[in-house]
file protein.pdb (PDB, C-alpha atoms)
ATOM      1  CA  MET A   1     131.875 -10.843 219.069
ATOM      2  CA  ARG A   2     135.164 -10.810 220.947
ATOM      3  CA  LYS A   3     135.608  -7.230 219.827
ATOM      4  CA  ASN A   4     132.170  -6.277 221.116
ATOM      5  CA  LEU A   5     132.890  -7.921 224.456
ATOM      6  CA  SER A   6     136.110  -5.911 224.657
ATOM      7  CA  PHE A   7     134.062  -2.754 224.141
ATOM      8  CA  LEU A   8     131.714  -3.943 226.863
ATOM      9  CA  GLY A   9     134.689  -4.418 229.183
ATOM     10  CA  PHE A  10     136.225  -1.014 228.440
ATOM     11  CA  GLY A  11     132.774   0.536 228.842
ATOM     12  CA  MET A  12     132.449  -1.112 232.267
ATOM     13  CA  LEU A  13     135.799   0.293 233.318
ATOM     14  CA  PHE A  14     134.823   3.758 232.066
ATOM     15  CA  GLY A  15     131.423   3.718 233.764
ATOM     16  CA  TYR A  16     132.908   2.332 236.974
ATOM     17  CA  ALA A  17     135.619   5.010 237.053
ATOM     18  CA  LEU A  18     133.200   7.883 236.302
ATOM     19  CA  SER A  19     130.943   6.726 239.101
ATOM     20  CA  ARG A  20     133.700   6.006 241.654
ATOM     21  CA  VAL A  21     135.211   9.462 241.179
ATOM     22  CA  ARG A  22     131.690  10.976 241.553
ATOM     23  CA  ALA A  23     131.637  12.558 238.098
ATOM     24  CA  SER A  24     128.013  11.401 237.970
ATOM     25  CA  ASP A  25     127.088  13.371 241.075
ATOM     26  CA  TYR A  26     125.176  16.585 240.281
ATOM     27  CA  ASN A  27     126.803  18.377 243.222
ATOM     28  CA  TYR A  28     130.354  17.824 241.995
ATOM     29  CA  ILE A  29     129.579  19.341 238.582
ATOM     30  CA  TYR A  30     127.654  22.162 240.241
ATOM     31  CA  HIS A  31     130.525  22.956 242.587
ATOM     32  CA  MET A  32     133.093  22.792 239.796
ATOM     33  CA  PHE A  33     131.117  25.438 237.913
ATOM     34  CA  THR A  34     130.638  27.603 240.994
ATOM     35  CA  GLY A  35     134.353  27.371 241.701
ATOM     36  CA  THR A  36     133.972  25.812 245.140
ATOM     37  CA  ASP A  37     135.290  22.289 244.445
ATOM     38  CA  PHE A  38     137.706  21.509 241.657
ATOM     39  CA  THR A  39     137.808  17.730 242.112
ATOM     40  CA  LEU A  40     136.279  17.077 238.700
ATOM     41  CA  ALA A  41     138.453  19.674 236.989
ATOM     42  CA  LEU A  42     141.461  17.845 238.440
ATOM     43  CA  VAL A  43     140.066  14.521 237.217
ATOM     44  CA  MET A  44     139.742  15.960 233.702
ATOM     45  CA  ALA A  45     143.169  17.612 233.749
ATOM     46  CA  SER A  46     144.935  14.502 235.020
ATOM     47  CA  ALA A  47     143.052  12.314 232.526
ATOM     48  CA  ILE A  48     144.225  14.567 229.685
ATOM     49  CA  ILE A  49     147.852  14.346 230.897
ATOM     50  CA  VAL A  50     147.703  10.551 231.309
ATOM     51  CA  GLY A  51     146.040  10.241 227.880
ATOM     52  CA  ALA A  52     148.680  12.453 226.270
ATOM     53  CA  ILE A  53     151.525  10.428 227.815
ATOM     54  CA  GLY A  54     149.882   7.223 226.596
ATOM     55  CA  MET A  55     149.508   8.652 223.078
ATOM     56  CA  ARG A  56     153.184   9.664 223.205
ATOM     57  CA  ILE A  57     154.116   6.051 224.006
ATOM     58  CA  LEU A  58     151.986   4.844 221.088
ATOM     59  CA  ALA A  59     153.757   7.370 218.845
ATOM     60  CA  MET A  60     157.156   6.073 219.984
ATOM     61  CA  ASN A  61     155.907   2.618 219.044
ATOM     62  CA  GLN A  62     155.131   3.908 215.500
ATOM     63  CA  TYR A  63     151.378   3.772 216.248
ATOM     64  CA  LYS A  64     151.317  -0.003 216.081
ATOM     65  CA  GLY A  65     148.404  -1.717 217.786
ATOM     66  CA  PHE A  66     148.700  -4.963 219.740
ATOM     67  CA  ARG A  67     148.499  -7.073 216.606
ATOM     68  CA  GLY A  68     150.732  -4.734 214.644
ATOM     69  CA  GLN A  69     147.791  -2.959 212.986
ATOM     70  CA  ILE A  70     148.321   0.742 212.340
ATOM     71  CA  ILE A  71     146.419   2.987 214.725
ATOM     72  CA  GLU A  72     144.532   5.802 213.010
ATOM     73  CA  VAL A  73     144.124   8.734 215.361
ATOM     74  CA  ASN A  74     140.746  10.387 214.955
ATOM     75  CA  VAL A  75     141.215  14.047 213.985
ATOM     76  CA  LYS A  76     138.257  16.276 214.789
ATOM     77  CA  LYS A  77     138.142  19.148 212.320
ATOM     78  CA  LEU A  78     137.711  22.712 213.477
ATOM     79  CA  THR A  79     134.703  24.191 211.685
ATOM     80  CA  LYS A  80     132.783  27.404 212.082
ATOM     81  CA  TYR A  81     130.216  25.376 214.007
ATOM     82  CA  THR A  82     132.581  23.901 216.607
ATOM     83  CA  ALA A  83     132.231  26.851 218.981
ATOM     84  CA  VAL A  84     128.458  27.065 218.444
ATOM     85  CA  GLY A  85     128.062  23.391 219.284
ATOM     86  CA  GLY A  86     130.340  23.844 222.278
ATOM     87  CA  MET A  87     128.172  26.672 223.618
ATOM     88  CA  ILE A  88     124.965  24.670 223.202
ATOM     89  CA  PHE A  89     126.615  21.684 224.874
ATOM     90  CA  GLY A  90     127.897  23.846 227.732
ATOM     91  CA  ILE A  91     124.393  25.107 228.523
ATOM     92  CA  GLY A  92     123.122  21.518 228.491
ATOM     93  CA  TRP A  93     125.987  20.470 230.758
ATOM     94  CA  GLY A  94     125.168  23.198 233.266
ATOM     95  CA  MET A  95     121.434  22.475 233.158
ATOM     96  CA  SER A  96     121.569  18.704 233.485
ATOM     97  CA  GLY A  97     124.720  18.391 235.575
ATOM     98  CA  ALA A  98     125.739  15.596 233.248
ATOM     99  CA  CYS A  99     127.647  14.984 230.056
ATOM    100  CA  PRO A 100     127.011  12.060 227.692
ATOM    101  CA  GLY A 101     129.320   9.728 229.620
ATOM    102  CA  THR A 102     128.204  10.655 233.099
ATOM    103  CA  LEU A 103     124.495  10.528 232.282
ATOM    104  CA  LEU A 104     124.979   6.852 231.448
ATOM    105  CA  ALA A 105     126.801   6.445 234.772
ATOM    106  CA  GLN A 106     123.893   8.193 236.539
ATOM    107  CA  ILE A 107     121.442   5.719 235.014
ATOM    108  CA  GLY A 108     123.613   2.767 236.014
ATOM    109  CA  GLU A 109     123.763   4.020 239.594
ATOM    110  CA  GLY A 110     119.990   4.368 239.729
ATOM    111  CA  LYS A 111     119.319   8.063 239.137
ATOM    112  CA  ILE A 112     115.978   8.300 237.353
ATOM    113  CA  MET A 113     116.642  11.828 236.062
ATOM    114  CA  GLY A 114     119.586  10.407 234.127
ATOM    115  CA  ILE A 115     117.084   8.496 231.986
ATOM    116  CA  VAL A 116     115.244  11.758 231.301
ATOM    117  CA  THR A 117     118.523  13.458 230.341
ATOM    118  CA  LEU A 118     119.363  10.533 228.039
ATOM    119  CA  PHE A 119     115.962  10.766 226.365
ATOM    120  CA  GLY A 120     116.555  14.471 225.802
ATOM    121  CA  ALA A 121     120.030  13.800 224.405
ATOM    122  CA  VAL A 122     118.641  11.234 221.965
ATOM    123  CA  LEU A 123     116.057  13.766 220.788
ATOM    124  CA  GLY A 124     118.838  16.339 220.477
ATOM    125  CA  THR A 125     120.834  13.927 218.358
ATOM    126  CA  TYR A 126     117.769  13.384 216.169
ATOM    127  CA  ALA A 127     117.384  17.157 215.866
ATOM    128  CA  TYR A 128     120.982  17.249 214.611
ATOM    129  CA  ALA A 129     120.112  14.686 211.936
ATOM    130  CA  LEU A 130     117.204  16.935 210.896
ATOM    131  CA  LEU A 131     119.469  19.996 210.720
ATOM    132  CA  LYS A 132     122.079  18.017 208.806
ATOM    133  CA  ASN A 133     119.508  17.334 206.104
ATOM    134  CA  ARG A 134     119.176  21.041 205.493
ATOM    135  CA  TYR A 135     122.654  22.318 206.326
ATOM    136  CA  GLU A 136     125.152  19.880 204.837
ATOM    137  CA  ASN A 137     128.230  21.104 206.713
ATOM    138  CA  ILE A 138     126.873  21.518 210.211
TER
ATOM    139  CA  MET B   1     140.146  -5.109 259.568
ATOM    140  CA  THR B   2     138.628  -1.715 259.044
ATOM    141  CA  HIS B   3     135.161  -1.614 257.577
ATOM    142  CA  TRP B   4     135.378  -0.948 253.869
ATOM    143  CA  PHE B   5     131.726  -0.782 252.966
ATOM    144  CA  PRO B   6     130.345   1.440 251.604
ATOM    145  CA  ALA B   7     133.526   2.397 249.796
ATOM    146  CA  GLU B   8     134.798   5.970 249.736
ATOM    147  CA  PRO B   9     134.892   7.833 246.401
ATOM    148  CA  TRP B  10     138.157   7.589 244.509
ATOM    149  CA  PRO B  11     140.633  10.460 244.827
ATOM    150  CA  TRP B  12     140.779  12.640 241.703
ATOM    151  CA  TRP B  13     144.101  11.270 240.469
ATOM    152  CA  MET B  14     142.786   7.710 240.500
ATOM    153  CA  GLY B  15     139.885   8.744 238.256
ATOM    154  CA  GLY B  16     142.231  10.700 235.996
ATOM    155  CA  LEU B  17     144.587   7.738 235.736
ATOM    156  CA  VAL B  18     141.909   5.228 234.729
ATOM    157  CA  ILE B  19     139.898   7.536 232.445
ATOM    158  CA  GLY B  20     143.033   8.955 230.811
ATOM    159  CA  ALA B  21     144.507   5.487 230.248
ATOM    160  CA  LEU B  22     141.389   4.535 228.288
ATOM    161  CA  VAL B  23     142.474   6.859 225.435
ATOM    162  CA  PRO B  24     145.667   4.968 224.457
ATOM    163  CA  LEU B  25     144.250   1.574 225.533
ATOM    164  CA  LEU B  26     141.221   1.894 223.228
ATOM    165  CA  TYR B  27     143.549   2.835 220.379
ATOM    166  CA  TYR B  28     146.024   0.065 221.155
ATOM    167  CA  PHE B  29     143.514  -2.768 221.443
ATOM    168  CA  LEU B  30     140.568  -1.631 219.326
ATOM    169  CA  ASN B  31     141.891   1.226 217.136
ATOM    170  CA  THR B  32     138.998   3.370 218.367
ATOM    171  CA  ALA B  33     138.824   6.914 219.672
ATOM    172  CA  LEU B  34     137.337   7.341 223.144
ATOM    173  CA  GLY B  35     133.908   8.949 222.873
ATOM    174  CA  VAL B  36     130.312   8.466 223.931
ATOM    175  CA  SER B  37     127.924  10.913 222.299
ATOM    176  CA  THR B  38     127.933   9.436 218.764
ATOM    177  CA  GLY B  39     126.336   6.385 220.339
ATOM    178  CA  PHE B  40     123.190   8.410 221.025
ATOM    179  CA  GLY B  41     122.604   8.138 217.275
ATOM    180  CA  ASN B  42     122.086   4.416 217.878
ATOM    181  CA  PHE B  43     119.280   5.211 220.311
ATOM    182  CA  ALA B  44     117.824   7.762 217.886
ATOM    183  CA  LYS B  45     117.756   5.007 215.258
ATOM    184  CA  LEU B  46     116.043   2.713 217.786
ATOM    185  CA  LEU B  47     113.476   5.429 218.482
ATOM    186  CA  PHE B  48     112.879   6.202 214.796
ATOM    187  CA  PRO B  49     113.770   2.971 212.960
ATOM    188  CA  LYS B  50     112.118   4.037 209.695
ATOM    189  CA  THR B  51     113.823   7.437 209.528
ATOM    190  CA  THR B  52     114.858   8.597 206.056
ATOM    191  CA  LEU B  53     117.328  11.175 207.386
ATOM    192  CA  SER B  54     120.616  10.539 205.634
ATOM    193  CA  TRP B  55     122.816  11.060 208.709
ATOM    194  CA  LEU B  56     120.996   8.325 210.632
ATOM    195  CA  ASN B  57     121.291   6.033 207.617
ATOM    196  CA  SER B  58     125.043   6.509 207.288
ATOM    197  CA  LYS B  59     127.460   3.649 207.760
ATOM    198  CA  SER B  60     128.003   4.471 211.440
ATOM    199  CA  PHE B  61     124.454   3.398 212.225
ATOM    200  CA  SER B  62     123.940   0.542 209.757
ATOM    201  CA  SER B  63     123.650  -1.690 212.797
ATOM    202  CA  VAL B  64     122.155  -0.375 216.032
ATOM    203  CA  VAL B  65     123.827  -3.029 218.180
ATOM    204  CA  ASN B  66     127.378  -2.088 217.215
ATOM    205  CA  HIS B  67     130.553  -1.487 219.215
ATOM    206  CA  ARG B  68     129.227   1.833 220.539
ATOM    207  CA  PHE B  69     126.135   0.086 221.824
ATOM    208  CA  TYR B  70     128.273  -2.448 223.702
ATOM    209  CA  MET B  71     130.425   0.311 225.120
ATOM    210  CA  MET B  72     127.344   2.172 226.416
ATOM    211  CA  MET B  73     125.902  -1.002 227.926
ATOM    212  CA  GLY B  74     129.244  -1.604 229.627
ATOM    213  CA  MET B  75     129.146   1.902 231.100
ATOM    214  CA  LEU B  76     125.700   1.223 232.567
ATOM    215  CA  ILE B  77     126.907  -2.042 234.114
ATOM    216  CA  GLY B  78     130.138  -0.524 235.427
ATOM    217  CA  ALA B  79     128.302   2.368 237.066
ATOM    218  CA  PHE B  80     125.694  -0.035 238.479
ATOM    219  CA  ILE B  81     128.482  -1.972 240.202
ATOM    220  CA  ALA B  82     130.164   1.230 241.420
ATOM    221  CA  GLY B  83     126.852   2.511 242.792
ATOM    222  CA  ARG B  84     126.380  -0.662 244.836
ATOM    223  CA  VAL B  85     130.017  -0.651 246.010
ATOM    224  CA  MET B  86     129.557   2.900 247.274
ATOM    225  CA  GLY B  87     126.147   2.163 248.774
ATOM    226  CA  LEU B  88     124.186   4.671 246.655
ATOM    227  CA  PRO B  89     120.383   4.317 246.521
ATOM    228  CA  VAL B  90     119.344   1.768 243.873
ATOM    229  CA  VAL B  91     116.558   4.048 242.611
ATOM    230  CA  THR B  92     116.250   7.784 243.288
ATOM    231  CA  ILE B  93     114.709  10.818 241.632
ATOM    232  CA  GLU B  94     116.981  13.178 243.593
ATOM    233  CA  MET B  95     119.562  15.328 241.775
ATOM    234  CA  GLY B  96     121.663  16.775 244.571
ATOM    235  CA  VAL B  97     121.472  20.481 245.367
ATOM    236  CA  PHE B  98     119.239  21.054 242.340
ATOM    237  CA  SER B  99     116.276  19.054 243.613
ATOM    238  CA  GLU B 100     117.036  19.845 247.280
ATOM    239  CA  THR B 101     117.064  23.614 246.827
ATOM    240  CA  LEU B 102     114.319  24.007 244.251
ATOM    241  CA  GLN B 103     111.775  21.417 245.447
ATOM    242  CA  TRP B 104     110.101  21.487 242.036
ATOM    243  CA  PRO B 105     107.231  19.139 241.205
ATOM    244  CA  ILE B 106     108.310  16.065 239.291
ATOM    245  CA  TRP B 107     107.133  17.331 235.889
ATOM    246  CA  GLY B 108     109.219  20.478 236.355
ATOM    247  CA  ASN B 109     112.322  18.385 236.905
ATOM    248  CA  VAL B 110     111.470  16.163 233.946
ATOM    249  CA  LEU B 111     111.084  19.161 231.626
ATOM    250  CA  TRP B 112     114.312  20.723 232.900
ATOM    251  CA  PHE B 113     116.474  17.633 232.462
ATOM    252  CA  LEU B 114     114.821  16.796 229.134
ATOM    253  CA  MET B 115     115.776  20.267 227.901
ATOM    254  CA  GLY B 116     119.299  19.966 229.296
ATOM    255  CA  GLY B 117     119.721  16.587 227.654
ATOM    256  CA  PHE B 118     118.417  17.918 224.353
ATOM    257  CA  LEU B 119     121.073  20.656 224.332
ATOM    258  CA  LEU B 120     123.760  18.113 225.276
ATOM    259  CA  GLY B 121     122.852  15.815 222.393
ATOM    260  CA  LEU B 122     122.476  18.585 219.834
ATOM    261  CA  GLY B 123     125.545  20.516 220.961
ATOM    262  CA  ALA B 124     127.795  17.459 221.061
ATOM    263  CA  ARG B 125     126.959  16.586 217.461
ATOM    264  CA  ILE B 126     127.434  20.126 216.151
ATOM    265  CA  ALA B 127     130.725  20.474 218.065
ATOM    266  CA  GLY B 128     131.823  17.020 216.885
ATOM    267  CA  GLY B 129     132.239  15.466 220.300
ATOM    268  CA  CYS B 130     131.527  15.688 224.014
ATOM    269  CA  THR B 131     133.533  15.835 227.212
ATOM    270  CA  SER B 132     135.137  12.462 226.543
ATOM    271  CA  GLY B 133     135.623  12.778 222.776
ATOM    272  CA  HIS B 134     136.798  16.400 222.769
ATOM    273  CA  SER B 135     137.942  17.294 226.279
ATOM    274  CA  ILE B 136     139.748  14.043 227.133
ATOM    275  CA  HIS B 137     140.545  12.340 223.818
ATOM    276  CA  GLY B 138     140.937  15.480 221.704
ATOM    277  CA  LEU B 139     143.009  17.472 224.192
ATOM    278  CA  ALA B 140     145.215  14.433 224.901
ATOM    279  CA  ASN B 141     145.943  14.537 221.159
ATOM    280  CA  PHE B 142     146.493  18.321 221.127
ATOM    281  CA  GLN B 143     143.683  19.063 218.691
ATOM    282  CA  LEU B 144     142.705  22.699 218.202
ATOM    283  CA  SER B 145     138.999  21.973 217.622
ATOM    284  CA  SER B 146     138.907  20.177 220.983
ATOM    285  CA  LEU B 147     140.451  23.169 222.726
ATOM    286  CA  VAL B 148     137.841  25.483 221.182
ATOM    287  CA  ALA B 149     135.026  23.092 222.085
ATOM    288  CA  THR B 150     136.250  22.521 225.650
ATOM    289  CA  ILE B 151     136.636  26.238 226.359
ATOM    290  CA  CYS B 152     133.055  26.758 225.147
ATOM    291  CA  PHE B 153     131.810  23.796 227.229
ATOM    292  CA  LEU B 154     133.377  25.208 230.400
ATOM    293  CA  ILE B 155     132.457  28.871 229.909
ATOM    294  CA  PHE B 156     128.843  28.163 229.022
ATOM    295  CA  GLY B 157     128.522  25.513 231.722
ATOM    296  CA  ALA B 158     129.738  28.009 234.312
ATOM    297  CA  VAL B 159     127.478  30.789 232.976
ATOM    298  CA  THR B 160     124.485  28.435 233.061
ATOM    299  CA  VAL B 161     125.135  27.341 236.646
ATOM    300  CA  PHE B 162     125.618  30.991 237.618
ATOM    301  CA  ALA B 163     122.241  31.799 236.042
ATOM    302  CA  ILE B 164     120.636  28.882 237.893
ATOM    303  CA  ARG B 165     121.965  30.220 241.202
ATOM    304  CA  VAL B 166     120.904  33.792 240.577
ATOM    305  CA  PHE B 167     117.540  33.329 238.872
ATOM    306  CA  LEU B 168     116.259  30.008 240.198
ATOM    307  CA  MET B 169     117.888  29.545 243.585
ATOM    308  CA  GLY B 170     117.659  33.199 244.579
ATOM    309  CA  GLY B 171     121.339  34.031 244.577
ATOM    310  CA  VAL B 172     122.667  31.478 247.059
TER
END

call {"tool": "encode", "arguments": {"input": "protein.pdb", "output": "structure tokens"}}
result
Amino acid sequence: MRKNLSFLGFGMLFGYALSRVRASDYNYIYHMFTGTDFTLALVMASAIIVGAIGMRILAMNQYKGFRGQIIEVNVKKLTKYTAVGGMIFGIGWGMSGACPGTLLAQIGEGKIMGIVTLFGAVLGTYAYALLKNRYENI
Amino acid sequence: MTHWFPAEPWPWWMGGLVIGALVPLLYYFLNTALGVSTGFGNFAKLLFPKTTLSWLNSKSFSSVVNHRFYMMMGMLIGAFIAGRVMGLPVVTIEMGVFSETLQWPIWGNVLWFLMGGFLLGLGARIAGGCTSGHSIHGLANFQLSSLVATICFLIFGAVTVFAIRVFLMGGV
């Protein structure tokens, strides 16, 4: 339970940050993609740099967690489907003005269309499970 | 004292600092990779509890109310608080320039965002992650698959928005 509450806390921080930096605002995504406002691109770039520095510190600490447990870094394999999935996702990102994290932030803020986007994403995830039944490696 | 309410949005570096720090912090305290989209499988399981599809019956989804569920609930709460701090409307069907420019009837918007969401959910699973899992977590760990995925996300996002401007908004 304590673990779950920690996840709740980190989730709150994540949702709060996404919302405060306006990542959940359709216009900011729209203007990033039209090249007129790069605020969100800067958020992403700086987050990657901060994350990489943090991972470097963990590496210098021999990947030991706070109780000395060994941290296993999740490695996402490159497959022949990675690019295909990325293209499909990109179209969805452009259409909805949201990604999986920011659509949750939209809902929290009170944007009704975020709920619609979430419903679509859940159906999309179910469609993946259907595809997976037929194409093992997708 | 200057008036502080409603609060201004954070500057970009503040967002980058907090969101980026979540990657090592989640590993350090919970040995978990930052990511959101896998959690949509929990909702799919909620929607279709009796599904026989093997992927939805894998170990990741043996319990619907798992750590991903708590994380997603936290995100809703965090954004709720942020929305109130910034004085955003508590309930709105508006979606910025999209709904302002197009003035579509409600069912048109619903269909559009349903479709967009569908592609997000499907694409994230095929690519193996979303903006947080690939673009933030994966790139912070210098993973090639995340670079490929992120480049595709950005190119196709930009192409889609370009198409929206040209074909739907009349080239504004």

call {"tool": "resolve_selection", "arguments": {"input": "protein.pdb", "expression": "the PyMOL selection byres ((chain A and resi 119-133) around 10)", "output": "PyMOL selection string"}}
result
(chain A and resi 92+99-100+103+113-118+134-138) or (chain B and resi 37-48+51-57+110-126)

call {"tool": "resolve_selection", "arguments": {"input": "protein.pdb", "expression": "the PyMOL selection byres ((chain B and resi 99) around 12)", "output": "VMD selection string"}}
result
(chain A and resid 26 to 27 96 to 97 113) or (chain B and resid 92 to 98 100 to 106 108 to 110 112 to 113 168 to 169)

call {"tool": "closest_atom_pairs", "arguments": {"input": "protein.pdb", "of": "stretch 101-158 of chain B", "to": "stretch 29-35 of chain B", "cutoff": "10 Å", "atoms": "all atoms listed in the file", "output": "JSON lines"}}
result
{"residue": "B:Gly129", "atom": "CA", "partner": "B:Gly35", "partner_atom": "CA", "distance": 7.2}
{"residue": "B:Cys130", "atom": "CA", "partner": "B:Gly35", "partner_atom": "CA", "distance": 7.2}
{"residue": "B:Thr131", "atom": "CA", "partner": "B:Gly35", "partner_atom": "CA", "distance": 8.1}
{"residue": "B:Ser132", "atom": "CA", "partner": "B:Gly35", "partner_atom": "CA", "distance": 5.2}
{"residue": "B:Gly133", "atom": "CA", "partner": "B:Gly35", "partner_atom": "CA", "distance": 4.2}
{"residue": "B:His134", "atom": "CA", "partner": "B:Gly35", "partner_atom": "CA", "distance": 8.0}
{"residue": "B:Ser135", "atom": "CA", "partner": "B:Gly35", "partner_atom": "CA", "distance": 9.9}
{"residue": "B:Ile136", "atom": "CA", "partner": "B:Leu34", "partner_atom": "CA", "distance": 8.2}
{"residue": "B:His137", "atom": "CA", "partner": "B:Leu34", "partner_atom": "CA", "distance": 6.0}
{"residue": "B:Gly138", "atom": "CA", "partner": "B:Leu34", "partner_atom": "CA", "distance": 9.0}

call {"tool": "residues_around", "arguments": {"input": "protein.pdb", "residues": "stretch 42-47 of chain A", "least_positions_apart": "5", "cutoff": "8 Å", "atoms": "only C-alpha atoms", "output": "mmCIF file with C-alpha atoms, in the frame of the given file"}}
result
data_model
loop_
_atom_site.group_PDB
_atom_site.id
_atom_site.type_symbol
_atom_site.label_atom_id
_atom_site.label_comp_id
_atom_site.auth_asym_id
_atom_site.auth_seq_id
_atom_site.Cartn_x
_atom_site.Cartn_y
_atom_site.Cartn_z
ATOM 1 C CA TRP B 12 140.779 12.640 241.703
ATOM 2 C CA TRP B 13 144.101 11.270 240.469
ATOM 3 C CA GLY B 15 139.885 8.744 238.256
ATOM 4 C CA GLY B 16 142.231 10.700 235.996
ATOM 5 C CA LEU B 17 144.587 7.738 235.736
ATOM 6 C CA VAL B 18 141.909 5.228 234.729
ATOM 7 C CA ILE B 19 139.898 7.536 232.445
ATOM 8 C CA GLY B 20 143.033 8.955 230.811
ATOM 9 C CA ALA B 21 144.507 5.487 230.248
ATOM 10 C CA SER B 135 137.942 17.294 226.279
ATOM 11 C CA ILE B 136 139.748 14.043 227.133
#

call {"tool": "atom_distance", "arguments": {"input": "protein.pdb", "atom1": "atom CA of A:Thr34", "atom2": "atom CA of B:Met75"}}
result
27.6 Å

call {"tool": "resolve_selection", "arguments": {"input": "protein.pdb", "expression": "the PyMOL selection byres ((chain B and resi 78) around 8)", "output": "ChimeraX atom specification"}}
result
/A:11-17,105,108 /B:74-77,79-82

call {"tool": "write_last_selection", "arguments": {"input": "protein.pdb", "atoms": "C-alpha atoms", "output": "JSON list (two decimals), in the frame of the given file"}}
result
[["chain", "number", "residue", "atom", "x", "y", "z"],
["A", 11, "GLY", "CA", 132.77, 0.54, 228.84],
["A", 12, "MET", "CA", 132.45, -1.11, 232.27],
["A", 13, "LEU", "CA", 135.80, 0.29, 233.32],
["A", 14, "PHE", "CA", 134.82, 3.76, 232.07],
["A", 15, "GLY", "CA", 131.42, 3.72, 233.76],
["A", 16, "TYR", "CA", 132.91, 2.33, 236.97],
["A", 17, "ALA", "CA", 135.62, 5.01, 237.05],
["A", 105, "ALA", "CA", 126.80, 6.44, 234.77],
["A", 108, "GLY", "CA", 123.61, 2.77, 236.01],
["B", 74, "GLY", "CA", 129.24, -1.60, 229.63],
["B", 75, "MET", "CA", 129.15, 1.90, 231.10],
["B", 76, "LEU", "CA", 125.70, 1.22, 232.57],
["B", 77, "ILE", "CA", 126.91, -2.04, 234.11],
["B", 79, "ALA", "CA", 128.30, 2.37, 237.07],
["B", 80, "PHE", "CA", 125.69, -0.04, 238.48],
["B", 81, "ILE", "CA", 128.48, -1.97, 240.20],
["B", 82, "ALA", "CA", 130.16, 1.23, 241.42]]

call {"tool": "atom_distance", "arguments": {"input": "protein.pdb", "atom1": "atom CA of B:Gly128", "atom2": "atom CA of A:Phe33"}}
result
22.7 Å

call {"tool": "atom_distance", "arguments": {"input": "protein.pdb", "atom1": "atom CA of A:Leu18", "atom2": "atom CA of B:Glu8"}}
result
13.7 Å

call {"tool": "closest_residue", "arguments": {"input": "protein.pdb", "among": "B:Tyr28, B:Trp107, B:Phe61, B:Phe167", "to": "chain A", "atoms": "only C-alpha atoms"}}
result
B:Tyr28
